[in-house]
Structure formats: structure tokens, C-alpha cells
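> If it helps, the file is called structure_27.txt and holds compact mmCIF, C-alpha atoms and all ligand atoms:
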```txt
# COMPACT_ATOMS: atom_id res chain seq x y z
CA MET A 1 0.00 0.00 0.00
CA LEU A 2 1.00 3.60 -0.49
CA LYS A 3 1.34 6.04 2.32
CA TRP A 4 1.49 9.81 2.17
CA ASN A 5 4.00 11.29 4.58
CA ARG A 6 4.18 14.79 5.98
CA SER A 7 6.48 15.99 3.24
CA ASN A 8 3.80 15.23 0.65
CA GLN A 9 5.55 12.20 -0.76
CA TYR A 10 4.14 8.77 -1.20
CA THR A 11 6.09 5.87 0.17
CA GLU A 12 5.49 2.16 0.06
CA ASN A 13 3.97 0.80 3.26
CA PRO A 14 3.04 -2.87 3.24
CA HIS A 15 1.05 -2.63 6.47
CA SER A 16 -1.21 0.39 6.02
CA VAL A 17 -3.81 1.73 3.65
CA GLY A 18 -2.35 5.16 4.31
CA LYS A 19 -5.52 6.71 5.71
CA SER A 20 -4.12 7.67 9.07
CA ALA A 21 -1.04 9.20 7.48
CA CYS A 22 -3.18 11.19 5.10
CA VAL A 23 -5.49 12.38 7.82
CA ALA A 24 -2.59 13.38 10.02
CA ALA A 25 -0.95 15.23 7.21
CA ILE A 26 -3.70 17.75 6.53
CA ALA A 27 -6.02 19.14 9.13
CA GLN A 28 -8.07 22.21 8.27
CA PRO A 29 -9.87 24.58 10.65
CA GLY A 30 -13.59 23.95 10.69
CA LEU A 31 -13.36 20.55 9.12
CA SER A 32 -12.47 17.40 10.97
CA ALA A 33 -9.35 15.65 9.87
CA SER A 34 -11.31 12.51 9.14
CA HIS A 35 -13.40 14.49 6.63
CA THR A 36 -10.35 16.05 5.10
CA LEU A 37 -8.67 13.21 3.36
CA SER A 38 -10.53 10.09 4.35
CA ARG A 39 -12.46 10.19 1.08
CA ARG A 40 -9.26 10.47 -0.90
CA ALA A 41 -7.97 7.36 0.87
CA PHE A 42 -11.31 5.68 0.20
CA VAL A 43 -11.31 6.63 -3.48
CA LEU A 44 -7.74 5.50 -3.96
CA SER A 45 -8.31 2.24 -2.14
CA ALA A 46 -11.42 1.55 -4.20
CA LEU A 47 -9.58 2.28 -7.42
CA ALA A 48 -6.66 0.12 -6.40
CA LEU A 49 -9.05 -2.71 -5.52
CA ALA A 50 -10.76 -2.24 -8.86
CA GLY A 51 -7.40 -2.99 -10.41
CA CYS A 52 -6.77 0.50 -11.68
CA ALA A 53 -3.16 0.17 -12.75
CA GLU A 54 -2.70 3.89 -13.32
CA ILE A 55 -3.40 4.78 -9.70
CA LYS A 56 0.00 3.93 -8.29
CA GLU A 57 1.65 6.05 -10.96
CA ILE A 58 -0.74 8.94 -10.32
CA LEU A 59 -0.01 8.78 -6.61
CA LEU A 60 3.70 8.72 -7.11
CA THR A 61 3.81 11.49 -9.68
CA GLU A 62 0.89 13.73 -8.74
CA PRO A 63 0.74 14.30 -4.98
CA PRO A 64 -2.18 16.51 -4.01
CA ALA A 65 -1.85 20.25 -3.55
CA ALA A 66 -0.87 21.18 0.00
CA ALA A 67 -4.42 21.45 1.36
CA VAL A 68 -6.87 19.09 -0.26
CA ILE A 69 -10.33 19.16 1.26
CA MET A 70 -13.15 17.23 -0.34
CA SER A 71 -16.78 16.91 0.63
CA PRO A 72 -17.13 13.65 2.54
CA ASN A 73 -19.23 10.93 0.89
CA PHE A 74 -22.33 11.57 2.98
CA MET A 75 -22.15 15.23 1.99
CA VAL A 76 -21.74 14.39 -1.69
CA LYS A 77 -24.96 12.38 -1.55
CA ALA A 78 -26.71 15.11 0.43
CA MET A 79 -25.69 17.74 -2.14
CA ILE A 80 -27.02 15.62 -4.99
CA ASP A 81 -30.23 14.96 -3.04
CA LEU A 82 -30.70 18.65 -2.24
CA ALA A 83 -30.32 19.58 -5.92
CA ALA A 84 -32.75 16.73 -6.79
CA VAL A 85 -30.40 15.61 -9.56
CA LYS A 86 -32.17 13.41 -12.09
CA PRO A 87 -31.68 12.06 -15.61
CA GLY A 88 -31.56 14.98 -18.02
CA ASP A 89 -29.70 17.24 -15.62
CA VAL A 90 -26.24 18.57 -16.40
CA LEU A 91 -24.25 19.13 -13.22
CA PHE A 92 -21.18 21.35 -13.15
CA ASP A 93 -18.92 21.03 -10.11
CA LEU A 94 -16.70 24.12 -10.13
CA GLY A 95 -13.53 23.05 -8.37
CA CYS A 96 -14.37 19.36 -8.67
CA GLY A 97 -11.37 17.88 -6.86
CA ASP A 98 -11.48 14.09 -7.19
CA GLY A 99 -14.75 14.25 -9.11
CA SER A 100 -16.97 12.48 -6.60
CA ILE A 101 -19.89 14.91 -6.95
CA VAL A 102 -19.83 14.68 -10.74
CA ILE A 103 -19.58 10.89 -10.58
CA GLU A 104 -22.47 10.61 -8.11
CA ALA A 105 -24.59 12.76 -10.44
CA ALA A 106 -23.72 10.46 -13.33
CA ARG A 107 -24.66 7.42 -11.25
CA ARG A 108 -28.10 9.01 -10.93
CA GLY A 109 -28.43 9.32 -14.69
CA ALA A 110 -27.32 12.93 -15.15
CA ARG A 111 -24.38 14.21 -17.16
CA GLY A 112 -21.57 15.90 -15.32
CA PHE A 113 -18.73 18.30 -15.90
CA GLY A 114 -15.90 18.96 -13.47
CA ILE A 115 -13.10 21.47 -13.64
CA ASP A 116 -10.16 21.84 -11.31
CA ARG A 117 -6.80 23.55 -11.51
CA ASP A 118 -5.14 20.56 -9.84
CA ALA A 119 -4.09 18.16 -12.61
CA GLY A 120 -3.53 15.33 -10.12
CA GLN A 121 -7.12 15.57 -8.90
CA ILE A 122 -8.40 15.55 -12.46
CA LYS A 123 -6.44 12.38 -13.22
CA LEU A 124 -7.98 10.77 -10.16
CA ALA A 125 -11.43 11.91 -11.24
CA VAL A 126 -11.01 10.42 -14.71
CA ALA A 127 -9.83 7.12 -13.23
CA ALA A 128 -12.64 7.07 -10.66
CA ALA A 129 -15.23 7.71 -13.36
CA ALA A 130 -13.87 4.79 -15.35
CA ALA A 131 -14.00 2.55 -12.27
CA ALA A 132 -17.62 3.64 -11.69
CA LYS A 133 -18.39 2.97 -15.37
CA VAL A 134 -19.77 6.46 -15.97
CA SER A 135 -17.05 7.84 -18.26
CA ASP A 136 -19.54 8.28 -21.08
CA ARG A 137 -21.56 10.75 -19.00
CA VAL A 138 -18.79 12.84 -17.45
CA GLN A 139 -16.11 15.22 -18.56
CA PHE A 140 -13.20 16.50 -16.47
CA THR A 141 -10.93 19.39 -17.39
CA VAL A 142 -7.90 21.05 -15.88
CA GLY A 143 -8.47 24.78 -15.79
CA ASP A 144 -9.70 27.88 -14.02
CA LEU A 145 -13.29 27.57 -12.81
CA PHE A 146 -13.82 31.31 -13.24
CA GLU A 147 -13.32 30.93 -16.99
CA VAL A 148 -16.00 28.29 -17.50
CA ASP A 149 -19.18 28.96 -19.43
CA VAL A 150 -21.97 27.44 -17.33
CA ARG A 151 -24.86 27.99 -19.75
CA GLU A 152 -25.28 24.25 -20.26
CA ALA A 153 -25.58 23.54 -16.53
CA THR A 154 -28.87 22.80 -14.82
CA VAL A 155 -27.10 22.22 -11.48
CA VAL A 156 -23.96 23.93 -10.18
CA THR A 157 -22.22 22.63 -7.09
CA LEU A 158 -19.66 24.58 -5.11
CA TYR A 159 -17.38 23.93 -2.16
CA LEU A 160 -15.09 26.90 -2.42
CA GLY A 161 -15.37 29.83 -0.02
CA ASP A 162 -17.16 33.12 0.57
CA GLU A 163 -14.98 35.14 -1.78
CA PRO A 164 -15.02 32.74 -4.77
CA ASN A 165 -18.80 32.32 -4.37
CA LEU A 166 -19.26 36.08 -4.48
CA ARG A 167 -17.01 36.32 -7.51
CA LEU A 168 -19.10 33.68 -9.30
CA ARG A 169 -22.42 35.44 -8.73
CA PRO A 170 -22.48 37.63 -11.86
CA LYS A 171 -21.69 34.67 -14.11
CA LEU A 172 -24.23 32.40 -12.43
CA ARG A 173 -26.88 35.09 -12.56
CA SER A 174 -26.33 35.87 -16.22
CA GLN A 175 -25.72 32.37 -17.59
CA LEU A 176 -27.89 29.91 -15.66
CA LYS A 177 -31.31 29.08 -17.05
CA ARG A 178 -34.53 29.35 -15.09
CA GLY A 179 -35.07 26.11 -13.18
CA SER A 180 -31.37 25.62 -12.52
CA ARG A 181 -30.12 25.00 -9.00
CA ILE A 182 -26.99 26.01 -7.14
CA VAL A 183 -25.89 23.98 -4.13
CA SER A 184 -23.02 25.23 -2.01
CA HIS A 185 -21.34 23.27 0.72
CA GLN A 186 -20.75 25.43 3.78
CA PHE A 187 -20.40 28.82 2.05
CA ARG A 188 -23.21 31.24 1.20
CA MET A 189 -23.48 33.64 -1.72
CA GLY A 190 -23.28 36.95 0.08
CA ASP A 191 -26.75 38.46 0.49
CA TRP A 192 -28.51 35.95 -1.77
CA ASN A 193 -30.95 34.27 0.59
CA PRO A 194 -30.87 30.50 0.09
CA ASP A 195 -34.17 28.80 -0.77
CA ARG A 196 -33.22 25.96 1.52
CA THR A 197 -30.62 25.41 4.21
CA VAL A 198 -29.90 21.89 5.36
CA GLU A 199 -27.69 20.79 8.22
CA VAL A 200 -25.79 17.59 7.58
CA GLY A 201 -23.42 16.22 10.17
CA GLY A 202 -22.90 19.61 11.75
CA ARG A 203 -22.20 21.33 8.45
CA TYR A 204 -24.48 23.30 6.15
CA LEU A 205 -25.67 23.00 2.59
CA TYR A 206 -27.41 25.88 0.81
CA LEU A 207 -29.73 25.67 -2.18
CA TRP A 208 -30.69 28.48 -4.54
CA ASN A 209 -33.32 27.94 -7.21
CA ILE A 210 -32.79 30.11 -10.27
C1 LIG A 301 -12.73 22.22 -1.25
S1 LIG A 301 -12.29 21.42 -2.77
C2 LIG A 301 -13.87 20.79 -3.25
C3 LIG A 301 -13.80 19.60 -4.18
C4 LIG A 301 -15.17 19.03 -4.55
N1 LIG A 301 -16.00 20.02 -5.20
C5 LIG A 301 -15.89 18.52 -3.33
O1 LIG A 301 -16.82 19.18 -2.84
O2 LIG A 301 -15.51 17.44 -2.84
C6 LIG A 301 -12.09 22.86 -3.82
C7 LIG A 301 -11.42 22.53 -5.13
O3 LIG A 301 -11.45 23.72 -5.92
C8 LIG A 301 -10.26 23.78 -6.67
N2 LIG A 301 -10.09 25.18 -7.07
C9 LIG A 301 -9.97 26.27 -6.26
N3 LIG A 301 -9.86 27.38 -7.00
C10 LIG A 301 -9.92 27.01 -8.30
C11 LIG A 301 -9.87 27.71 -9.53
N4 LIG A 301 -9.74 29.04 -9.59
N5 LIG A 301 -9.99 27.01 -10.67
C12 LIG A 301 -10.11 25.65 -10.64
N6 LIG A 301 -10.15 24.93 -9.50
C13 LIG A 301 -10.06 25.60 -8.34
C14 LIG A 301 -9.20 23.23 -5.75
O4 LIG A 301 -8.09 22.74 -6.49
C15 LIG A 301 -9.97 22.12 -5.02
O5 LIG A 301 -9.79 20.86 -5.64
```
Represent the structure of the file as C-alpha cells.
Ligand SMILES: C[S@@+](CC[C@H](N)C(=O)[O-])C[C@H]1O[C@@H](n2cnc3c(N)ncnc32)[C@H](O)[C@@H]1O

Amino acid sequence: MLKWNRSNQYTENPHSVGKSACVAAIAQPGLSASHTLSRRAFVLSALALAGCAEIKEILLTEPPAAAVIMSPNFMVKAMIDLAAVKPGDVLFDLGCGDGSIVIEAARRGARGFGIDRDAGQIKLAVAAAAAAKVSDRVQFTVGDLFEVDVREATVVTLYLGDEPNLRLRPKLRSQLKRGSRIVSHQFRMGDWNPDRTVEVGGRYLYLWNI
């Protein structure tokens, strides 16, 4: 098994799945360490078990950016539930990380698009989509989320921060169609009042209907 040490390097460890090392390596204020990287360990383990030969190479060559925080699995499902994602929807996750939100949307019959500036995360997302057999319904791109045209989206998911959410408002307001939904994990959109607020595991999800 591979283990991520504190200097952001992966090392071989025959005795551990690496989860505790990952969790110890990155702890963020406001988010428990077990949330922080446990899903990454889970995704990687699942891919490795699925026989994804590329994963070891990705891990060795593309360590994550210094602070990688992903929505935990229960939150991914809650976000998709809150947006009521269904076949026919097109979900854009802006800052998609390892792609789990996009992949969960595809599992529910929607199409999904994810963009992230972290090339290592995008490689993981592509591999995870293949393992989940949803590659035909998802697309992942390395790039700047602020440059993306979201006109095709019917659902936009965000787990970014107060400032990036505010910066996205003009684009979302001008490009999203009526009936679209925005779901943000933990961060609001300035003075836009959410249509729904849901508490999940001590954290908050916000929904805006366009
Ligand atoms: C907190 S993570 C959320 C990942 C995923 N959406 C989730 O909820 O699990 C935020 C992601 O946004 C990406 N990101 C931040 N700013 C970005 C930008 N300007 N362009 C593209 N990606 C960005 C980071 O690389 C990181 O993977």
C-alpha cells in the first residue's frame, strides 16, 4: 500500500492503507481531519481494488496540492439529493477535486462536468469515473473555474469559499437558465438568501433555485 507522509511524498507501506497518514498530514480549521482526506484514501483504495493500474503512478507522480479538502461521501450524496439531480440534468462542479460529486450525479443518470486547476485531482477523477463505469456521461478538465461557461448547466455545485462564491455570482446570474439550481457546501453567496438550508453532520448545505 501507499502512504502519504508529511512531506507530501508517497512511500510504500506494506502494512497500512495510508488513511491515518493522510489524515494526520492535513487538518483544516472547521473541518475534521477525518473528513479532510478520508475520502481520498477511500477513493484511492477503491480504485486500487478495482485494479486500476494507473493509480499507483498517479499517486507517485501527482501528490495533491498542500491542502486538499473534499466533501465527505455523505455530503456528496446530500448535495445531490438537495439539488434533486435526475436524468436529463447537467451538473457542473466548479472546483471538482477528485470528481466524486460529478460521478455521483452520473450514477443518478445525469451528465456531469468537473473542472479543477489541480491536474492530479483531475487524473484521479477520470480514473474514478472509469471505475464507476460512468465515463460516457462525465467530462473533467484542468483549468480555471472562473473561466468556464456554465450555460449548459442545470445544477452547479460549489465547495469553495465566501470570496469565490461572491465572484461567481455575476456569471451564475447571467448564464444559468430558469429552473437551474446552485448547491453550495458550507459557504453562502453573500446576500442571496438561500431557498433551503440543510444541516448535515454539523455542516451546512445551501440551495438556490434560479
Ligand atoms: C474544497 S475542494 C472541493 C472539491 C469538490 N468540489 C468537493 O466538494 O468534494 C475545492 C477545489 O477547488 C479547486 N479550485 C480552487 N480554486 C480554483 C480555480 N480558480 N480554478 C479551478 N479549481 C479551483 C481546488 O483545487 C480544489 O480541488
> Extract, using all atoms listed in the file, all DNA, RNA and protein residues at most 6 Å from region 101-109 of chain A, discarding same-chain residues fewer than 2 positions from it, and format them as a VMD selection string.
chain A and resid 76 87 99 111 to 112
> What's the 12 Å shell around Asp81 (chain A), counting all atoms listed in the file, without same-chain residues fewer than 3 positions away, as an MDAnalysis selection string?
chainID A and resid 74:78 84:86 101 104:105 108 155 157 181 183 198 200 205:207
> Have a look at CA of Gly202 (chain A) and CA of Ile182 (chain A) and let me know their distance in Å, one decimal.
20.4 Å
> Which residues sit within 8 Å of ligand LIG 301 (chain A), counting all atoms listed in the file, listed as a VMD selection string?
chain A and resid 65 68 to 72 76 93 to 101 115 to 118 121 142 to 146 157 to 160 164 185
> Got time to write the residues from that selection, C-alpha atoms, as a PDB file, in the coordinates of the input?

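The result, stored in result05.pdb:
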```
ATOM      1  CA  ALA A  65      -1.850  20.250  -3.550  1.00  0.00           C
ATOM      2  CA  VAL A  68      -6.870  19.090  -0.260  1.00  0.00           C
ATOM      3  CA  ILE A  69     -10.330  19.160   1.260  1.00  0.00           C
ATOM      4  CA  MET A  70     -13.150  17.230  -0.340  1.00  0.00           C
ATOM      5  CA  SER A  71     -16.780  16.910   0.630  1.00  0.00           C
ATOM      6  CA  PRO A  72     -17.130  13.650   2.540  1.00  0.00           C
ATOM      7  CA  VAL A  76     -21.740  14.390  -1.690  1.00  0.00           C
ATOM      8  CA  ASP A  93     -18.920  21.030 -10.110  1.00  0.00           C
ATOM      9  CA  LEU A  94     -16.700  24.120 -10.130  1.00  0.00           C
ATOM     10  CA  GLY A  95     -13.530  23.050  -8.370  1.00  0.00           C
ATOM     11  CA  CYS A  96     -14.370  19.360  -8.670  1.00  0.00           C
ATOM     12  CA  GLY A  97     -11.370  17.880  -6.860  1.00  0.00           C
ATOM     13  CA  ASP A  98     -11.480  14.090  -7.190  1.00  0.00           C
ATOM     14  CA  GLY A  99     -14.750  14.250  -9.110  1.00  0.00           C
ATOM     15  CA  SER A 100     -16.970  12.480  -6.600  1.00  0.00           C
ATOM     16  CA  ILE A 101     -19.890  14.910  -6.950  1.00  0.00           C
ATOM     17  CA  ILE A 115     -13.100  21.470 -13.640  1.00  0.00           C
ATOM     18  CA  ASP A 116     -10.160  21.840 -11.310  1.00  0.00           C
ATOM     19  CA  ARG A 117      -6.800  23.550 -11.510  1.00  0.00           C
ATOM     20  CA  ASP A 118      -5.140  20.560  -9.840  1.00  0.00           C
ATOM     21  CA  GLN A 121      -7.120  15.570  -8.900  1.00  0.00           C
ATOM     22  CA  VAL A 142      -7.900  21.050 -15.880  1.00  0.00           C
ATOM     23  CA  GLY A 143      -8.470  24.780 -15.790  1.00  0.00           C
ATOM     24  CA  ASP A 144      -9.700  27.880 -14.020  1.00  0.00           C
ATOM     25  CA  LEU A 145     -13.290  27.570 -12.810  1.00  0.00           C
ATOM     26  CA  PHE A 146     -13.820  31.310 -13.240  1.00  0.00           C
ATOM     27  CA  THR A 157     -22.220  22.630  -7.090  1.00  0.00           C
ATOM     28  CA  LEU A 158     -19.660  24.580  -5.110  1.00  0.00           C
ATOM     29  CA  TYR A 159     -17.380  23.930  -2.160  1.00  0.00           C
ATOM     30  CA  LEU A 160     -15.090  26.900  -2.420  1.00  0.00           C
ATOM     31  CA  PRO A 164     -15.020  32.740  -4.770  1.00  0.00           C
ATOM     32  CA  HIS A 185     -21.340  23.270   0.720  1.00  0.00           C
TER      33      HIS A 185
END
```
> In Å, how far is it from CA of Ser180 (chain A) to CA of Asn193 (chain A)?
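Those two atoms sit 15.7 Å apart.
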> Grab the CA of Arg203 (chain A) to CA of Asn165 (chain A) distance for me, in Å with one decimal place.
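CA of Asn165 (chain A) lies 17.2 Å from CA of Arg203 (chain A).
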> So that I can check the surroundings of Trp192 (chain A), please list as a PyMOL selection string every protein, DNA and RNA residue that reaches within 9 Å of it, counting only C-alpha atoms and ignoring chain neighbours fewer than 3 positions away.
chain A and resi 188-189+208
> Is it possible to get the axis-aligned box enclosing region 133-150 of chain A (all listed atoms, 5 Å extra per side) as lines of an AutoDock Vina configuration file, with centre and edge lengths in Å rounded to one decimal?

```
center_x = -14.9
center_y = 17.1
center_z = -16.9
size_x = 24.1
size_y = 38.3
size_z = 18.3
```
> From the set A:Thr154, A:Ser135, A:Gln186, A:Asn73, which residue has the shortest atom-to-atom contact distance to Asp89 (chain A), counting all atoms listed in the file?
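Under the stated criterion, the closest residue is A:Thr154.
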> Go through A:Asp191, A:Ala128, A:Ala83, A:Gly120 one by one, measure the shortest atom-to-atom distance of each to Asp162 (chain A) using only C-alpha atoms, and give the residue with the smallest value.
A:Asp191
> Select, counting all atoms listed in the file, all protein, DNA and RNA residues no farther than 10 Å from (-7.9, 10.9, -14.1) in file coordinates, and express the selection as JSON, numbers by chain.
{"A": [54, 55, 58, 98, 99, 119, 120, 121, 122, 123, 124, 125, 126, 127, 128, 129, 130, 140, 141]}
